[in-house]
Amino acid sequence: MKSKTITYIAIVVLFFSTCCSGIYAIERGPFTPVTPEGELVKGAQWLFVIGINDYKHWKKLDAAVKDATDLRDLLMEKYYFDKEHLIELYDPNATKTNIIAKLRYLGQVVKPEDSLVIYYAGHGFLDSLTKTASWIPVDGKKDDTTTWIDSYKIRMLLNKNVIKARHILLISDSCFSGDLLRGDDDFPIKITNEVLKRAYRSTSRRVITSGGVEPVSDSGYGGNSVFTHFLLKALQANNEKFLLPSAFKTDLTKNVSDNSSQVPQFGTILGTGGEQSGEIVLFARPGFNIKRPGKKKFDIGDLEEEADKITELKLSWDNDLNEMKRAYSQVVKFQERSIPNDRKIRSWQRFLKTFTEDNPFTGEDEKMRREANLRIKTLQNESSRLAYGKKEETPIHNKQAEEYRDPVTGMEFVLVPGDCYKMGDQFGEGSNDEKPVHEVCLDDFYIGKYEVTQGEWKSLMGDNPSKFENGDDYPVEQVSWDDAQKFIKRLNKKGDGKYRLPTEAEWEFAARSGGKKQKWAGTSKESELGKYGWYGTNSGSKTHPVGKKIANGIGLFDMTGNVYEWCSDWYSKDYYKKSPKDNPLGPSSGSDRVFRGGSWNGNPRYVRAADRSRGTPGGRSDGLGFRLARTP
């Protein structure tokens with residue numbers, strides 16, 4: 001398998017000195033582009049390309065050299081790159097000594113106004129001892145890690161104090177390349193002139209990788225790997241004068257993940273001096289895609305027939321939706337009657353049994369089904385309280401705290417009594433996606449007293465994916481959202497089937513000691529933060545055993561820092577503007593899942609209880625784990 005190790009956005013694509021007598025892309029004459037601010041570009045754009053097929057000690061690859069040369073040709077022909085600033089290394093020339101020597105050479109010749117793109121296609125591997133990923137040069141040996149180029153070394157060489165370029169973009173098509181990332185960046189949704197200007201002015205060190213900390217495929221389409229195939233299509237399809245790599249993040253990620261088991265990652269290269277707003281700007285040569293128009297014959301007769309059928313279908317579904325709305329209103333009115341709860345529950349159950357088909361033209365039907373299920377759950381909880389002799393007027397938040405221990409894993413859970421609270425940034429320090437502050441009401445739920453540990457993971461799954469493999473009481477990390485679902489599925493088969501990830505609303509309510517106005521889990525004073533959690537200031541750049549800090553107000557540990565924790569919700573930056581009041585479940589779909597709480601390398605801002613982060617369901621990181629919830 002091709003190791004596609006380290007990749008993201010940073011105005012650097014590594015391309016290495018060629019060992020072959022290949023033909024360069026055709027140069028299209030002098031071209032000096034204009035910056036987004038209207039000035040002539042002063043710096044050069046360097047290209048460093050590495051491609052390795054014919055390994056000495058590892059399995060030979062099929063696509064790596066073609067991937068590297070195809071990308072070189074496209075960038076040289078369509079964008080602002082030239083032979084004078086091109087470095088290439090292929091097959092026998094791509095030794096560890098030569099690769100490092102070329103990077104050091106770039107440190108001597110690249111100027112502060114220059115940009116650099118680095119592209120690597122070859123094997124990548126994960127050291128089983130240090131859990132650190134490496135590029136494998138052509139002379140790398142399987143059992144000698146000193147012959148590899150690890151991600152720490154790459155980061156050091158790309159530091160802005162070593163290679164002084166304003167922008168570096170590293171693209172890595174290799175296994176385990178996601179180890180280079182700091183984490184998924186919040187790229188702008190809309191590329192405006194102001195975004196372009198700010199991106200060009202600011203320093204950047206970014207990376208695009210063909211996958212996370214996982215193996216990736218060497219095969220794909222047209223002789224290219226699946227990742228580079230879709231990367232080339234994205235670069236070729238651009239018709240704008242300026243291109244930010246973040247502009248094709250969504251399409252590239254979806255296209256690759258739809259056609260393989262890997263998920264490309266975009267982010268900042270850890271510890272290299274880049275700024276959040278900075279990003280390389282690729283300058284397209286003028287008139288590149290201008291072609292002589294061909295003769296066209298236009299006919300949409302078949303589409304008109306399909307449209308007529310769709311219109312007829314939609315009318316039928318609209319009638320069904322109207323009948324569903326009528327039934328829903330009837331059941332809502334039925335709830336107002338003074339009758340036992342079991343009759344009310346049966347009316348909702350009959351509604352759900354009648355309207356089971358998903359309407360392909362709207363989401364209104366699914367919204368009514370979700371609301372019906374929530375109302376059933378509320379009525380059932382109310383009946384349970386009455387059955388145990390609890391008065392309905394007794395405030396839920398006065399319940400005595402209860403705990404539960406899972407008989408299979410021994411994991412401990414704390415009962416969080418349901419209540420209403422103000423969700424979101426109440427201190428005016430958060431991002432736009434934490435606003436507006438809005439009222440949320442939750443039913444009772446259990447949540448893990450601790451983050452899921454490596455020992456608990458191993459006892460159920462039989463392996464340990466963690467980078468910080470220091471003991472069974474350390475939190476498990478390098479776990480994707482999908483991985484967490486596999487763990488839950490296996491646990492539910494052994495027990496009563498009630499385990500799940502907490503919703504985002506449940507997580508924040510629990511972190512803030514039952515919905516209190518707390519900035520962090522347990523306190524609002526930054527001077528006390530170190531007593532409650534492990535974060536960038538006190539962690540020593542690693543995770544720590546769970547439960548060693550002070551618990552928050554309801555007995556939960558490490559809700560601040562140590563590792564981020566996955567939630568069940570899809571992410572939407574605007575969800576708070578339309579979130580339902582009762583038991584919100586998040587958007588019905590999306591591309592990223594939510595994780596909360598910050599990690600061992602976060603600053604105080606990113607370990608706040610209201611801070612929202614997100615990542616692709618298949619993404620992994622050494623600062624990302626999870627905590628379980630349990631339905632009572």
# chains A, B, ... in the order shown; residues from 1 in each chain; ligands from 1

$ closest_atom_pairs --of "segment 474-546 of chain A" --to "segment 417-421 of chain A" --cutoff "10 Å" --atoms "only C-alpha atoms" --output "CSV"
residue,atom,partner,partner_atom,distance
A:Ala505,CA,A:Tyr421,CA,9.6
A:Glu506,CA,A:Gly418,CA,9.3
A:Glu508,CA,A:Tyr421,CA,9.9
A:Phe509,CA,A:Tyr421,CA,7.4
A:Ala510,CA,A:Pro417,CA,9.6
A:Arg512,CA,A:Tyr421,CA,9.9
A:Gly514,CA,A:Pro417,CA,7.9
A:Gly515,CA,A:Tyr421,CA,5.3
A:Lys516,CA,A:Tyr421,CA,7.6
A:Lys517,CA,A:Tyr421,CA,9.0

$ residues_around --residues "Asp483 of chain A" --least-positions-apart "4" --cutoff "9 Å" --atoms "only C-alpha atoms" --output "list of chain:residue names"
A:Val479, A:Phe487, A:Ile488, A:Pro617, A:Gly618

$ write_last_selection --atoms "N, CA, C and O atoms" --output "CSV table (one decimal), in the first residue's frame"
chain,number,residue,atom,x,y,z
A,479,VAL,N,-9.0,7.6,18.0
A,479,VAL,CA,-10.3,6.9,17.8
A,479,VAL,C,-11.2,7.8,17.0
A,479,VAL,O,-11.5,8.9,17.4
A,487,PHE,N,-17.3,0.3,18.9
A,487,PHE,CA,-17.2,0.0,20.3
A,487,PHE,C,-18.6,-0.1,21.0
A,487,PHE,O,-18.9,-1.0,21.7
A,488,ILE,N,-19.4,0.9,20.7
A,488,ILE,CA,-20.8,1.0,21.4
A,488,ILE,C,-21.6,-0.2,20.9
A,488,ILE,O,-22.3,-0.8,21.7
A,617,PRO,N,-16.2,11.9,10.3
A,617,PRO,CA,-16.5,10.7,11.1
A,617,PRO,C,-15.3,9.7,11.1
A,617,PRO,O,-15.2,8.9,12.0
A,618,GLY,N,-14.5,9.7,10.0
A,618,GLY,CA,-13.4,8.8,9.9
A,618,GLY,C,-12.1,9.3,10.4
A,618,GLY,O,-11.1,8.6,10.4

$ select_by_dssp --residues "segment 86-223 of chain A" --states "strand (DSSP E)" --output "ChimeraX atom specification"
/A:86-90,115-121,124-126,133-135,149-150,167-173,181-184,204-209,220-221

$ select_by_dssp --residues "segment 340-526 of chain A" --states "helix (DSSP H, G or I)" --output "PyMOL selection string"
chain A and resi 341-354+364-387+396-398+432-434+454-461+481-494+504-511+526

$ closest_atom_pairs --of "segment 433-478 of chain A" --to "segment 209-220 of chain A" --cutoff "12 Å" --atoms "only C-alpha atoms" --output "Markdown table"
| residue | atom | partner | partner_atom | distance |
| --- | --- | --- | --- | --- |
| A:Pro465 | CA | A:Val213 | CA | 9.9 |
| A:Ser466 | CA | A:Val213 | CA | 10.8 |
| A:Lys467 | CA | A:Val213 | CA | 10.3 |
| A:Glu477 | CA | A:Val213 | CA | 11.5 |
| A:Gln478 | CA | A:Val213 | CA | 7.9 |

$ closest_residue --among "A:Lys578, A:Ile136, A:Ala165, A:Asp127" --to "Gly273 of chain A" --atoms "only C-alpha atoms"
A:Ala165
